[in-house]
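Pasted below: protein-v6.json, JSON, C-alpha atoms and all ligand atoms.
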```
[["chain", "number", "residue", "atom", "x", "y", "z"],
["A", 1, "MET", "CA", 7.20, 109.86, -25.56],
["A", 2, "LEU", "CA", 7.24, 106.15, -26.17],
["A", 3, "SER", "CA", 5.11, 103.46, -24.61],
["A", 4, "LEU", "CA", 6.65, 100.25, -23.35],
["A", 5, "ALA", "CA", 4.97, 96.93, -22.65],
["A", 6, "VAL", "CA", 6.76, 93.95, -21.15],
["A", 7, "ASP", "CA", 4.77, 90.72, -21.16],
["A", 8, "GLN", "CA", 5.61, 87.48, -19.38],
["A", 9, "LEU", "CA", 9.31, 88.08, -19.90],
["A", 10, "SER", "CA", 11.60, 85.28, -18.74],
["A", 11, "LYS", "CA", 15.34, 84.89, -19.11],
["A", 12, "THR", "CA", 17.35, 81.83, -18.17],
["A", 13, "TYR", "CA", 21.07, 82.12, -18.87],
["A", 14, "PRO", "CA", 22.85, 79.17, -20.53],
["A", 15, "ASN", "CA", 24.32, 78.18, -17.14],
["A", 16, "GLY", "CA", 20.80, 77.65, -15.78],
["A", 17, "THR", "CA", 20.45, 80.89, -13.78],
["A", 18, "VAL", "CA", 16.88, 82.13, -13.90],
["A", 19, "ALA", "CA", 17.39, 85.91, -14.06],
["A", 20, "LEU", "CA", 13.81, 86.91, -14.99],
["A", 21, "ASN", "CA", 10.64, 85.02, -14.25],
["A", 22, "ARG", "CA", 7.46, 86.10, -16.06],
["A", 23, "VAL", "CA", 7.94, 89.83, -15.68],
["A", 24, "SER", "CA", 5.01, 91.91, -16.95],
["A", 25, "PHE", "CA", 4.42, 95.65, -16.73],
["A", 26, "ARG", "CA", 3.54, 98.63, -18.85],
["A", 27, "ALA", "CA", 5.32, 101.95, -18.67],
["A", 28, "HIS", "CA", 3.11, 104.86, -19.58],
["A", 29, "PRO", "CA", 4.55, 107.71, -21.66],
["A", 30, "GLY", "CA", 6.31, 110.20, -19.41],
["A", 31, "GLU", "CA", 6.32, 107.88, -16.40],
["A", 32, "GLY", "CA", 9.35, 107.71, -14.07],
["A", 33, "ILE", "CA", 9.81, 104.13, -12.88],
["A", 34, "VAL", "CA", 12.48, 103.09, -10.39],
["A", 35, "LEU", "CA", 13.44, 99.44, -10.40],
["A", 36, "LEU", "CA", 14.55, 98.09, -7.03],
["A", 37, "GLY", "CA", 15.87, 94.72, -5.96],
["A", 38, "ALA", "CA", 18.78, 93.04, -4.23],
["A", 39, "ASN", "CA", 21.99, 92.18, -6.08],
["A", 40, "GLY", "CA", 21.26, 89.53, -8.68],
["A", 41, "SER", "CA", 17.49, 90.11, -8.70],
["A", 42, "GLY", "CA", 17.49, 90.66, -12.47],
["A", 43, "LYS", "CA", 17.38, 94.46, -12.87],
["A", 44, "SER", "CA", 20.24, 94.81, -15.35],
["A", 45, "THR", "CA", 19.10, 91.75, -17.28],
["A", 46, "LEU", "CA", 15.69, 93.38, -17.71],
["A", 47, "LEU", "CA", 17.24, 96.61, -19.01],
["A", 48, "ARG", "CA", 19.56, 94.71, -21.34],
["A", 49, "CYS", "CA", 16.62, 92.74, -22.78],
["A", 50, "MET", "CA", 14.83, 96.03, -23.45],
["A", 51, "VAL", "CA", 17.58, 97.26, -25.79],
["A", 52, "GLY", "CA", 18.09, 93.89, -27.42],
["A", 53, "LEU", "CA", 21.50, 93.33, -25.79],
["A", 54, "GLU", "CA", 20.18, 90.15, -24.21],
["A", 55, "LYS", "CA", 17.75, 87.73, -25.83],
["A", 56, "PRO", "CA", 14.81, 86.75, -23.63],
["A", 57, "SER", "CA", 14.03, 83.03, -23.24],
["A", 58, "SER", "CA", 10.33, 83.78, -23.60],
["A", 59, "GLY", "CA", 7.86, 86.63, -23.44],
["A", 60, "SER", "CA", 7.74, 89.89, -25.34],
["A", 61, "ILE", "CA", 8.82, 93.52, -25.16],
["A", 62, "ARG", "CA", 7.00, 96.13, -27.20],
["A", 63, "VAL", "CA", 8.50, 99.59, -27.56],
["A", 64, "GLY", "CA", 6.13, 101.96, -29.37],
["A", 65, "ASP", "CA", 4.82, 99.84, -32.23],
["A", 66, "ALA", "CA", 7.76, 97.45, -32.45],
["A", 67, "TRP", "CA", 8.54, 94.13, -30.82],
["A", 68, "ILE", "CA", 12.19, 93.98, -29.74],
["A", 69, "GLU", "CA", 12.62, 90.21, -29.78],
["A", 70, "THR", "CA", 11.48, 89.81, -33.39],
["A", 71, "ALA", "CA", 13.08, 92.98, -34.75],
["A", 72, "ASN", "CA", 15.67, 92.49, -37.48],
["A", 73, "ALA", "CA", 19.02, 94.30, -37.35],
["A", 74, "ASN", "CA", 17.69, 97.32, -39.18],
["A", 75, "GLN", "CA", 14.58, 97.66, -37.02],
["A", 76, "LEU", "CA", 16.70, 97.20, -33.90],
["A", 77, "ARG", "CA", 18.97, 100.02, -35.01],
["A", 78, "LEU", "CA", 15.96, 102.31, -35.47],
["A", 79, "LEU", "CA", 14.60, 101.31, -32.06],
["A", 80, "ARG", "CA", 17.92, 101.84, -30.29],
["A", 81, "ARG", "CA", 18.01, 105.34, -31.68],
["A", 82, "GLN", "CA", 14.94, 106.11, -29.58],
["A", 83, "ILE", "CA", 16.20, 104.41, -26.43],
["A", 84, "GLY", "CA", 18.77, 106.30, -24.40],
["A", 85, "ILE", "CA", 21.04, 104.41, -22.02],
["A", 86, "VAL", "CA", 22.91, 105.78, -19.03],
["A", 87, "PHE", "CA", 24.75, 103.01, -17.23],
["A", 88, "GLN", "CA", 26.73, 102.87, -14.03],
["A", 89, "ARG", "CA", 30.17, 102.73, -15.57],
["A", 90, "PHE", "CA", 29.19, 105.48, -17.97],
["A", 91, "ASN", "CA", 30.33, 103.57, -21.11],
["A", 92, "LEU", "CA", 32.44, 106.51, -22.26],
["A", 93, "VAL", "CA", 35.45, 106.20, -24.55],
["A", 94, "SER", "CA", 38.17, 107.09, -22.07],
["A", 95, "SER", "CA", 40.82, 108.20, -24.55],
["A", 96, "LEU", "CA", 38.51, 110.73, -26.25],
["A", 97, "SER", "CA", 37.55, 114.25, -25.24],
["A", 98, "THR", "CA", 34.32, 115.20, -23.51],
["A", 99, "PHE", "CA", 33.20, 116.84, -26.77],
["A", 100, "HIS", "CA", 33.97, 113.76, -28.85],
["A", 101, "ASN", "CA", 32.09, 111.45, -26.46],
["A", 102, "VAL", "CA", 28.99, 113.63, -26.61],
["A", 103, "LEU", "CA", 29.20, 113.84, -30.42],
["A", 104, "GLN", "CA", 28.86, 110.05, -30.46],
["A", 105, "GLY", "CA", 25.30, 110.50, -29.24],
["A", 106, "ALA", "CA", 24.49, 111.60, -32.81],
["A", 107, "LEU", "CA", 25.86, 108.43, -34.43],
["A", 108, "GLY", "CA", 22.57, 106.53, -34.35],
["A", 109, "ARG", "CA", 20.86, 109.02, -36.65],
["A", 110, "SER", "CA", 23.79, 110.36, -38.63],
["A", 111, "LYS", "CA", 25.01, 109.09, -41.95],
["A", 112, "GLY", "CA", 28.63, 108.57, -42.82],
["A", 113, "PRO", "CA", 32.05, 108.97, -41.28],
["A", 114, "ARG", "CA", 31.83, 112.78, -41.24],
["A", 115, "TYR", "CA", 30.03, 112.43, -37.95],
["A", 116, "TRP", "CA", 32.72, 110.32, -36.36],
["A", 117, "PHE", "CA", 35.16, 113.14, -35.76],
["A", 118, "PRO", "CA", 34.74, 116.57, -34.16],
["A", 119, "ALA", "CA", 36.69, 118.27, -36.96],
["A", 120, "THR", "CA", 34.47, 116.97, -39.76],
["A", 121, "ALA", "CA", 31.08, 116.91, -38.03],
["A", 122, "PRO", "CA", 28.62, 119.45, -39.44],
["A", 123, "GLN", "CA", 28.57, 122.82, -37.71],
["A", 124, "ARG", "CA", 24.96, 122.22, -36.65],
["A", 125, "GLU", "CA", 25.91, 119.06, -34.76],
["A", 126, "ARG", "CA", 28.94, 120.68, -33.16],
["A", 127, "GLU", "CA", 26.74, 123.48, -31.88],
["A", 128, "ARG", "CA", 24.32, 120.91, -30.49],
["A", 129, "VAL", "CA", 27.15, 119.17, -28.63],
["A", 130, "MET", "CA", 28.02, 122.45, -26.95],
["A", 131, "GLN", "CA", 24.36, 123.06, -26.04],
["A", 132, "CYS", "CA", 24.16, 119.61, -24.45],
["A", 133, "LEU", "CA", 27.38, 120.26, -22.54],
["A", 134, "GLU", "CA", 26.06, 123.61, -21.35],
["A", 135, "ARG", "CA", 22.89, 121.89, -20.12],
["A", 136, "VAL", "CA", 25.00, 119.67, -17.83],
["A", 137, "ASN", "CA", 27.40, 122.48, -16.92],
["A", 138, "LEU", "CA", 30.44, 121.00, -18.59],
["A", 139, "ALA", "CA", 31.05, 123.30, -21.55],
["A", 140, "HIS", "CA", 34.32, 124.46, -19.96],
["A", 141, "LEU", "CA", 35.68, 120.90, -20.04],
["A", 142, "ALA", "CA", 34.71, 120.13, -23.66],
["A", 143, "GLN", "CA", 38.27, 119.52, -24.82],
["A", 144, "GLN", "CA", 39.45, 117.52, -21.82],
["A", 145, "ARG", "CA", 39.94, 113.74, -22.03],
["A", 146, "VAL", "CA", 37.09, 112.09, -20.16],
["A", 147, "ASP", "CA", 39.38, 109.80, -18.19],
["A", 148, "THR", "CA", 40.74, 112.89, -16.44],
["A", 149, "LEU", "CA", 37.28, 113.89, -15.16],
["A", 150, "SER", "CA", 35.78, 112.99, -11.79],
["A", 151, "GLY", "CA", 33.10, 110.30, -11.55],
["A", 152, "GLY", "CA", 30.36, 112.92, -11.16],
["A", 153, "GLN", "CA", 31.61, 114.81, -14.21],
["A", 154, "GLN", "CA", 31.82, 111.59, -16.26],
["A", 155, "GLN", "CA", 28.24, 110.79, -15.36],
["A", 156, "ARG", "CA", 27.26, 114.25, -16.63],
["A", 157, "VAL", "CA", 29.11, 113.56, -19.91],
["A", 158, "ALA", "CA", 27.05, 110.37, -20.24],
["A", 159, "ILE", "CA", 23.89, 112.44, -19.63],
["A", 160, "ALA", "CA", 24.99, 115.00, -22.25],
["A", 161, "ARG", "CA", 25.60, 112.19, -24.75],
["A", 162, "MET", "CA", 22.09, 110.91, -24.05],
["A", 163, "LEU", "CA", 20.74, 114.45, -24.66],
["A", 164, "MET", "CA", 22.59, 114.53, -27.97],
["A", 165, "GLN", "CA", 20.92, 111.26, -28.92],
["A", 166, "ASP", "CA", 17.52, 112.77, -28.04],
["A", 167, "PRO", "CA", 15.73, 109.53, -27.09],
["A", 168, "SER", "CA", 12.08, 108.99, -26.16],
["A", 169, "LEU", "CA", 12.66, 106.18, -23.70],
["A", 170, "LEU", "CA", 15.49, 106.27, -21.18],
["A", 171, "LEU", "CA", 17.02, 103.28, -19.40],
["A", 172, "VAL", "CA", 19.32, 104.07, -16.50],
["A", 173, "ASP", "CA", 21.26, 101.43, -14.57],
["A", 174, "GLU", "CA", 22.56, 102.48, -11.14],
["A", 175, "PRO", "CA", 23.44, 106.03, -12.14],
["A", 176, "VAL", "CA", 24.76, 106.96, -8.69],
["A", 177, "ALA", "CA", 26.49, 103.72, -7.70],
["A", 178, "SER", "CA", 30.01, 105.11, -7.92],
["A", 179, "LEU", "CA", 29.19, 108.64, -6.75],
["A", 180, "ASP", "CA", 29.33, 110.12, -3.26],
["A", 181, "PRO", "CA", 25.93, 111.02, -1.70],
["A", 182, "LYS", "CA", 26.08, 114.69, -2.73],
["A", 183, "SER", "CA", 27.21, 114.02, -6.31],
["A", 184, "GLY", "CA", 24.64, 111.23, -6.48],
["A", 185, "ARG", "CA", 21.80, 113.61, -5.59],
["A", 186, "GLU", "CA", 23.12, 116.17, -8.07],
["A", 187, "ALA", "CA", 23.22, 113.54, -10.82],
["A", 188, "MET", "CA", 19.66, 112.42, -10.00],
["A", 189, "ASP", "CA", 18.42, 116.04, -9.92],
["A", 190, "LEU", "CA", 19.97, 116.72, -13.31],
["A", 191, "LEU", "CA", 18.71, 113.49, -14.82],
["A", 192, "TRP", "CA", 15.18, 113.96, -13.52],
["A", 193, "ASP", "CA", 15.03, 117.63, -14.58],
["A", 194, "ILE", "CA", 15.86, 116.49, -18.10],
["A", 195, "VAL", "CA", 13.38, 113.62, -17.90],
["A", 196, "ARG", "CA", 10.62, 116.08, -16.95],
["A", 197, "GLU", "CA", 11.66, 118.74, -19.47],
["A", 198, "ARG", "CA", 11.56, 116.25, -22.31],
["A", 199, "GLN", "CA", 8.72, 114.16, -20.89],
["A", 200, "LEU", "CA", 10.82, 111.03, -21.24],
["A", 201, "THR", "CA", 9.63, 107.65, -20.12],
["A", 202, "VAL", "CA", 12.36, 106.45, -17.76],
["A", 203, "ILE", "CA", 13.23, 103.17, -16.09],
["A", 204, "CYS", "CA", 16.03, 103.59, -13.58],
["A", 205, "THR", "CA", 17.58, 101.02, -11.26],
["A", 206, "LEU", "CA", 18.76, 102.20, -7.86],
["A", 207, "HIS", "CA", 19.99, 100.68, -4.61],
["A", 208, "GLN", "CA", 19.15, 103.72, -2.47],
["A", 209, "LEU", "CA", 15.62, 103.54, -1.09],
["A", 210, "ASP", "CA", 15.58, 107.23, -0.14],
["A", 211, "LEU", "CA", 16.43, 108.25, -3.69],
["A", 212, "ALA", "CA", 13.87, 105.82, -5.09],
["A", 213, "LYS", "CA", 11.10, 107.34, -2.98],
["A", 214, "ASP", "CA", 12.15, 110.92, -3.74],
["A", 215, "TYR", "CA", 12.34, 110.58, -7.51],
["A", 216, "ALA", "CA", 10.07, 107.73, -8.67],
["A", 217, "ASP", "CA", 6.48, 108.08, -9.79],
["A", 218, "ARG", "CA", 6.24, 104.34, -9.49],
["A", 219, "ILE", "CA", 8.41, 101.65, -7.96],
["A", 220, "ILE", "CA", 8.78, 98.13, -9.31],
["A", 221, "GLY", "CA", 10.50, 95.70, -6.95],
["A", 222, "LEU", "CA", 12.12, 92.52, -8.22],
["A", 223, "ARG", "CA", 13.06, 89.51, -6.17],
["A", 224, "HIS", "CA", 14.67, 86.47, -7.78],
["A", 225, "GLY", "CA", 13.65, 87.79, -11.18],
["A", 226, "ALA", "CA", 9.94, 88.17, -10.36],
["A", 227, "ILE", "CA", 7.97, 91.36, -9.70],
["A", 228, "GLN", "CA", 6.99, 91.52, -6.03],
["A", 229, "ILE", "CA", 6.07, 95.19, -5.78],
["A", 230, "ASP", "CA", 4.50, 97.48, -8.36],
["A", 231, "ALA", "CA", 2.91, 100.60, -6.92],
["A", 232, "PRO", "CA", 3.03, 104.40, -6.89],
["A", 233, "ALA", "CA", 6.09, 105.44, -4.88],
["A", 234, "HIS", "CA", 4.10, 107.51, -2.37],
["A", 235, "GLN", "CA", 2.00, 104.49, -1.40],
["A", 236, "LEU", "CA", 4.96, 102.36, -0.36],
["A", 237, "THR", "CA", 6.32, 102.27, 3.18],
["A", 238, "ASP", "CA", 9.98, 101.84, 4.16],
["A", 239, "HIS", "CA", 9.05, 98.49, 5.63],
["A", 240, "GLU", "CA", 7.58, 97.21, 2.36],
["A", 241, "LEU", "CA", 10.61, 98.35, 0.41],
["A", 242, "SER", "CA", 13.28, 97.02, 2.77],
["A", 243, "TRP", "CA", 11.45, 93.68, 2.75],
["A", 244, "LEU", "CA", 12.70, 93.27, -0.81],
["A", 245, "TYR", "CA", 16.21, 93.05, 0.56],
["A", 246, "GLU", "CA", 15.53, 91.33, 3.87],
["A", 247, "SER", "CA", 13.80, 88.35, 2.31],
["A", 248, "SER", "CA", 16.69, 87.91, -0.07],
["A", 249, "THR", "CA", 19.08, 87.88, 2.88],
["A", 250, "LEU", "CA", 16.99, 85.20, 4.59],
["A", 251, "ASP", "CA", 16.98, 83.14, 1.41],
["A", 252, "THR", "CA", 20.74, 83.34, 1.31],
["A", 253, "ILE", "CA", 21.06, 82.31, 4.94],
["A", 254, "GLU", "CA", 18.72, 79.37, 4.42],
["A", 255, "THR", "CA", 20.67, 78.11, 1.41],
["A", 256, "PRO", "CA", 22.51, 74.93, 2.49],
["A", 257, "THR", "CA", 26.25, 75.40, 2.39],
["A", 301, "LIG", "N1", 25.84, 86.69, -18.73],
["A", 301, "LIG", "C1", 25.37, 86.00, -17.69],
["A", 301, "LIG", "N2", 25.54, 84.67, -17.61],
["A", 301, "LIG", "C2", 25.05, 83.96, -16.58],
["A", 301, "LIG", "N3", 24.38, 84.50, -15.54],
["A", 301, "LIG", "C3", 24.20, 85.83, -15.56],
["A", 301, "LIG", "C4", 24.67, 86.65, -16.62],
["A", 301, "LIG", "N4", 24.35, 87.93, -16.35],
["A", 301, "LIG", "C5", 23.68, 87.91, -15.18],
["A", 301, "LIG", "N5", 23.60, 86.65, -14.70],
["A", 301, "LIG", "C6", 22.93, 86.21, -13.48],
["A", 301, "LIG", "O1", 21.56, 86.61, -13.56],
["A", 301, "LIG", "C7", 21.09, 87.06, -12.30],
["A", 301, "LIG", "C8", 20.58, 88.48, -12.43],
["A", 301, "LIG", "O2", 21.67, 89.34, -12.71],
["A", 301, "LIG", "P1", 21.51, 90.90, -12.95],
["A", 301, "LIG", "O3", 22.84, 91.42, -13.29],
["A", 301, "LIG", "O4", 20.41, 91.12, -13.91],
["A", 301, "LIG", "O5", 21.05, 91.38, -11.51],
["A", 301, "LIG", "P2", 20.94, 92.86, -10.91],
["A", 301, "LIG", "O6", 19.62, 92.95, -10.26],
["A", 301, "LIG", "O7", 21.26, 93.85, -11.97],
["A", 301, "LIG", "O8", 22.07, 92.85, -9.79],
["A", 301, "LIG", "P3", 22.97, 94.08, -9.23],
["A", 301, "LIG", "O9", 22.10, 94.83, -8.26],
["A", 301, "LIG", "O10", 24.09, 93.38, -8.53],
["A", 301, "LIG", "O11", 23.43, 94.88, -10.39],
["A", 301, "LIG", "C9", 22.27, 86.91, -11.34],
["A", 301, "LIG", "O12", 22.13, 85.68, -10.66],
["A", 301, "LIG", "C10", 23.48, 86.91, -12.25],
["A", 301, "LIG", "O13", 24.52, 86.16, -11.68],
["A", 302, "MG", "MG", 22.72, 95.31, -12.17]]
```
Output the file's structure as structure tokens, nothing else.
Amino acid sequence: MLSLAVDQLSKTYPNGTVALNRVSFRAHPGEGIVLLGANGSGKSTLLRCMVGLEKPSSGSIRVGDAWIETANANQLRLLRRQIGIVFQRFNLVSSLSTFHNVLQGALGRSKGPRYWFPATAPQRERERVMQCLERVNLAHLAQQRVDTLSGGQQQRVAIARMLMQDPSLLLVDEPVASLDPKSGREAMDLLWDIVRERQLTVICTLHQLDLAKDYADRIIGLRHGAIQIDAPAHQLTDHELSWLYESSTLDTIETPT
């Protein structure tokens, strides 16, 4: 379990777009946070800043005892080892097998090229890959190329790779965006079962309000890069949540053309 503190975080892209505007919140260890907001409200930017993929313009992010924005390359590598990422487009290597993709989850902590290939990886790690694949019900497809799998199966490979990495903090960006409603629920069930089993702190962006309410402990709502809602999920009404999107629509309509 890893604590996370975001303080006064702002991000303006070089083209002048203000993606984040003084975002502050703390995630408590083991907490399941769903991040909501209309397209362009800054959700992915926030997640990217948290893993050091994007440099904030100002503000700070503390993960455990370390500050992301001042971490050197070595510290950042150590931090990233503890932060699991499951993104919408799965970020799998399409030409490799299911097994090989999951093995890559070990790369952050492993030493040397032995770990790069299934044939040379230590027996212990190969067994762990199979355990992770069994956990997501994909052991039977271990040797198949991932680009031949369905979207739901690919998402499960990404979850297995995250299990292999064994992170403390999990960042998930639109995990169900390209899945049908049934596969989407299955992916969320699997992800959340794992989150609870391992007591992971999770921040997950979603566009489906029903899923957000069903799975989140707490919902943070962004609008134009600023936090507008931050409350326990069970306290929020449909009206309050849909307002996040309605007001953005009005803003768009009012923009002079
Ligand atoms: N690399 C970039 N350069 C310039 N502007 C960017 C860049 N990445 C994102 N933006 C802008 O920053 C704002 C926030 O984008 P972001 O992708 O964080 O939103 P989001 O909430 O994840 O949206 P979505 O729901 O569509 O995924 C948008 O206006 C977007 O156009
Ligand atoms: Mg996004």
Item to check | Within 8 Å of ligand MG 302 (chain A), counting all atoms listed in the file, residues as a list in words | outcome: Asn39, Gly40, Gly42, Lys43, Ser44, Thr45, Asp173, Glu174 and Thr205 of chain A
Checklist entry - Closest to ligand LIG 301 (chain A) among A:Asn74, A:Thr12, A:Gln199, A:Asn91, using all atoms listed in the file? => result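 Once distances to ligand LIG 301 (chain A) are computed over all atoms listed in the file, the minimum belongs to A:Thr12.
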Next on the checklist: Could you list the protein, DNA and RNA residues that have any atom within 10 Å of ligand LIG 301 (chain A), counting all atoms listed in the file, and write them as an MDAnalysis selection string?
Outcome noted: chainID A and resid 11:20 35:49 54 88 173:174 177 205:207 222:225
Next on the checklist: Counting all atoms listed in the file, which residue out of A:Ile194, A:Leu78, A:Val23, A:Ala216 sits closest to A:Ser57?
Outcome noted: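 Checking each of A:Ile194, A:Leu78, A:Val23, A:Ala216 against A:Ser57, counting all atoms listed in the file, the winner is A:Val23.
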Checklist entry - Of the candidates A:Phe87, A:Phe25, A:Tyr215, A:Phe99, which shows the shortest atom-to-atom distance to A:Val195, using only C-alpha atoms? => result A:Tyr215
Checklist entry - Can you tell me, as number ranges by chain, which residues sit within 10 Å of (13.4, 94.3, 1.5) in the file's frame, using only C-alpha atoms? => result A: 36-38, 209, 221-223, 238-249
Checklist entry - Which residue gives the smallest distance to A:Val172 among A:Val63, A:Val86, A:Ala231, A:Leu200, with only C-alpha atoms counted? => result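 Smallest separation from A:Val172 among the options: A:Val86.
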Checklist outcome for this item: Correct to one decimal, the distance atom CA of A:His234-atom CA of A:Gly30 is 17.4 Å
Item to check | Point-to-point distance from atom CA of A:Asp7 to atom CA of A:Ser60, Å rounded to tenths | outcome: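 Between these atoms lies a distance of 5.2 Å.
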Item to check | Polymer residues at most 10 Å from A:Ile61, only C-alpha atoms, same-chain spacing of 2 or more positions, as a ChimeraX atom specification | outcome: /A:4-9,24-26,49-52,56,58-59,63-64,66-70
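The space separating atom CA of A:Leu133 from atom CA of A:Trp116 comes to 17.8 Å.
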Item to check | Best match for closeness to A:Ser110 among A:His140, A:His28, A:Arg135, A:Arg77, counting all atoms listed in the file | outcome: A:Arg77
Next on the checklist: Which residues are close to A:Ile33, i.e. within 8 Å by all atoms listed in the file, leaving aside same-chain residues fewer than 2 positions away? Reply as a ChimeraX atom specification.
Outcome noted: /A:27,31,35,202-204,216-220
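The residue that comes closest to A:Thr148, out of A:Arg109, A:Ser97, A:Asp193, A:Val136 and on the basis of all atoms listed in the file, is A:Ser97.
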Checklist entry - A:Leu141: which residues within 12 Å, counting all atoms listed in the file, same-chain residues fewer than 5 positions away excluded, as a ChimeraX atom specification? => result /A:97-102,130,133-134,136,146-150,153-154,156-157
Next on the checklist: Applying 10 Å and only C-alpha atoms, which residues near A:Phe117 remain after dropping the ones on its own chain fewer than 2 positions away? List them as a VMD selection string.
Outcome noted: chain A and resid 99 to 101 103 to 104 113 to 115 119 to 122
Around all the atoms of stretch 117-132 of chain A listed in the file, draw an axis-aligned box and extend it by 5 Å on each of the six sides; I want its centre and edge lengths in Å to one decimal, as AutoDock Vina command-line options.
```
--center_x 30.4 --center_y 118.3 --center_z -32.1 --size_x 22.5 --size_y 20.3 --size_z 25.3
```
Subset file: stretch 86-149 of chain A, C-alpha atoms, as a PDB file, in the first residue's frame:
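Output file out_35.pdb is given in full below:
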```pdb
ATOM      1  CA  VAL A  86      -3.428  -0.310 -17.152  1.00  0.00           C
ATOM      2  CA  PHE A  87      -4.363   1.954 -20.037  1.00  0.00           C
ATOM      3  CA  GLN A  88      -7.179   1.926 -22.537  1.00  0.00           C
ATOM      4  CA  ARG A  89      -5.201   0.700 -25.510  1.00  0.00           C
ATOM      5  CA  PHE A  90      -3.564  -1.908 -23.321  1.00  0.00           C
ATOM      6  CA  ASN A  91       0.021  -0.970 -24.367  1.00  0.00           C
ATOM      7  CA  LEU A  92       0.825  -4.573 -25.248  1.00  0.00           C
ATOM      8  CA  VAL A  93       3.503  -5.608 -27.731  1.00  0.00           C
ATOM      9  CA  SER A  94       1.285  -6.947 -30.487  1.00  0.00           C
ATOM     10  CA  SER A  95       3.812  -9.222 -32.162  1.00  0.00           C
ATOM     11  CA  LEU A  96       4.637 -11.087 -28.938  1.00  0.00           C
ATOM     12  CA  SER A  97       2.816 -13.911 -27.187  1.00  0.00           C
ATOM     13  CA  THR A  98       0.515 -13.487 -24.211  1.00  0.00           C
ATOM     14  CA  PHE A  99       3.197 -15.147 -22.054  1.00  0.00           C
ATOM     15  CA  HIS A 100       5.945 -12.829 -23.292  1.00  0.00           C
ATOM     16  CA  ASN A 101       3.847  -9.710 -22.670  1.00  0.00           C
ATOM     17  CA  VAL A 102       3.139 -10.759 -19.090  1.00  0.00           C
ATOM     18  CA  LEU A 103       6.818 -11.596 -18.509  1.00  0.00           C
ATOM     19  CA  GLN A 104       7.582  -7.954 -19.298  1.00  0.00           C
ATOM     20  CA  GLY A 105       5.839  -7.030 -16.067  1.00  0.00           C
ATOM     21  CA  ALA A 106       8.971  -8.335 -14.305  1.00  0.00           C
ATOM     22  CA  LEU A 107      11.368  -6.071 -16.216  1.00  0.00           C
ATOM     23  CA  GLY A 108      11.245  -3.213 -13.710  1.00  0.00           C
ATOM     24  CA  ARG A 109      12.742  -5.331 -10.932  1.00  0.00           C
ATOM     25  CA  SER A 110      14.775  -7.827 -12.914  1.00  0.00           C
ATOM     26  CA  LYS A 111      18.420  -7.546 -13.801  1.00  0.00           C
ATOM     27  CA  GLY A 112      19.849  -8.361 -17.175  1.00  0.00           C
ATOM     28  CA  PRO A 113      18.727  -9.615 -20.554  1.00  0.00           C
ATOM     29  CA  ARG A 114      17.882 -13.094 -19.230  1.00  0.00           C
ATOM     30  CA  TYR A 115      14.520 -11.690 -18.267  1.00  0.00           C
ATOM     31  CA  TRP A 116      13.765 -10.351 -21.721  1.00  0.00           C
ATOM     32  CA  PHE A 117      12.930 -13.689 -23.287  1.00  0.00           C
ATOM     33  CA  PRO A 118      10.624 -16.509 -22.178  1.00  0.00           C
ATOM     34  CA  ALA A 119      13.258 -19.156 -22.978  1.00  0.00           C
ATOM     35  CA  THR A 120      15.943 -17.640 -20.752  1.00  0.00           C
ATOM     36  CA  ALA A 121      13.827 -16.220 -17.920  1.00  0.00           C
ATOM     37  CA  PRO A 122      14.359 -18.012 -14.594  1.00  0.00           C
ATOM     38  CA  GLN A 123      11.983 -20.881 -13.883  1.00  0.00           C
ATOM     39  CA  ARG A 124      10.604 -18.988 -10.879  1.00  0.00           C
ATOM     40  CA  GLU A 125       9.541 -16.058 -13.061  1.00  0.00           C
ATOM     41  CA  ARG A 126       8.060 -18.315 -15.725  1.00  0.00           C
ATOM     42  CA  GLU A 127       5.953 -20.014 -13.079  1.00  0.00           C
ATOM     43  CA  ARG A 128       4.804 -16.624 -11.838  1.00  0.00           C
ATOM     44  CA  VAL A 129       3.736 -15.634 -15.351  1.00  0.00           C
ATOM     45  CA  MET A 130       1.549 -18.726 -15.515  1.00  0.00           C
ATOM     46  CA  GLN A 131       0.058 -17.975 -12.082  1.00  0.00           C
ATOM     47  CA  CYS A 132      -0.810 -14.441 -13.216  1.00  0.00           C
ATOM     48  CA  LEU A 133      -2.369 -15.811 -16.402  1.00  0.00           C
ATOM     49  CA  GLU A 134      -4.380 -18.330 -14.403  1.00  0.00           C
ATOM     50  CA  ARG A 135      -5.641 -15.511 -12.175  1.00  0.00           C
ATOM     51  CA  VAL A 136      -7.130 -13.777 -15.236  1.00  0.00           C
ATOM     52  CA  ASN A 137      -8.271 -17.042 -16.835  1.00  0.00           C
ATOM     53  CA  LEU A 138      -5.945 -16.895 -19.800  1.00  0.00           C
ATOM     54  CA  ALA A 139      -3.463 -19.692 -19.131  1.00  0.00           C
ATOM     55  CA  HIS A 140      -4.809 -21.596 -22.145  1.00  0.00           C
ATOM     56  CA  LEU A 141      -3.821 -18.720 -24.456  1.00  0.00           C
ATOM     57  CA  ALA A 142      -0.289 -18.239 -23.096  1.00  0.00           C
ATOM     58  CA  GLN A 143       1.434 -18.998 -26.392  1.00  0.00           C
ATOM     59  CA  GLN A 144      -0.914 -17.065 -28.645  1.00  0.00           C
ATOM     60  CA  ARG A 145       0.128 -13.726 -30.182  1.00  0.00           C
ATOM     61  CA  VAL A 146      -1.731 -10.978 -28.353  1.00  0.00           C
ATOM     62  CA  ASP A 147      -2.874  -9.288 -31.555  1.00  0.00           C
ATOM     63  CA  THR A 148      -5.021 -12.346 -32.250  1.00  0.00           C
ATOM     64  CA  LEU A 149      -6.919 -11.963 -28.947  1.00  0.00           C
TER      65      LEU A 149
END
```
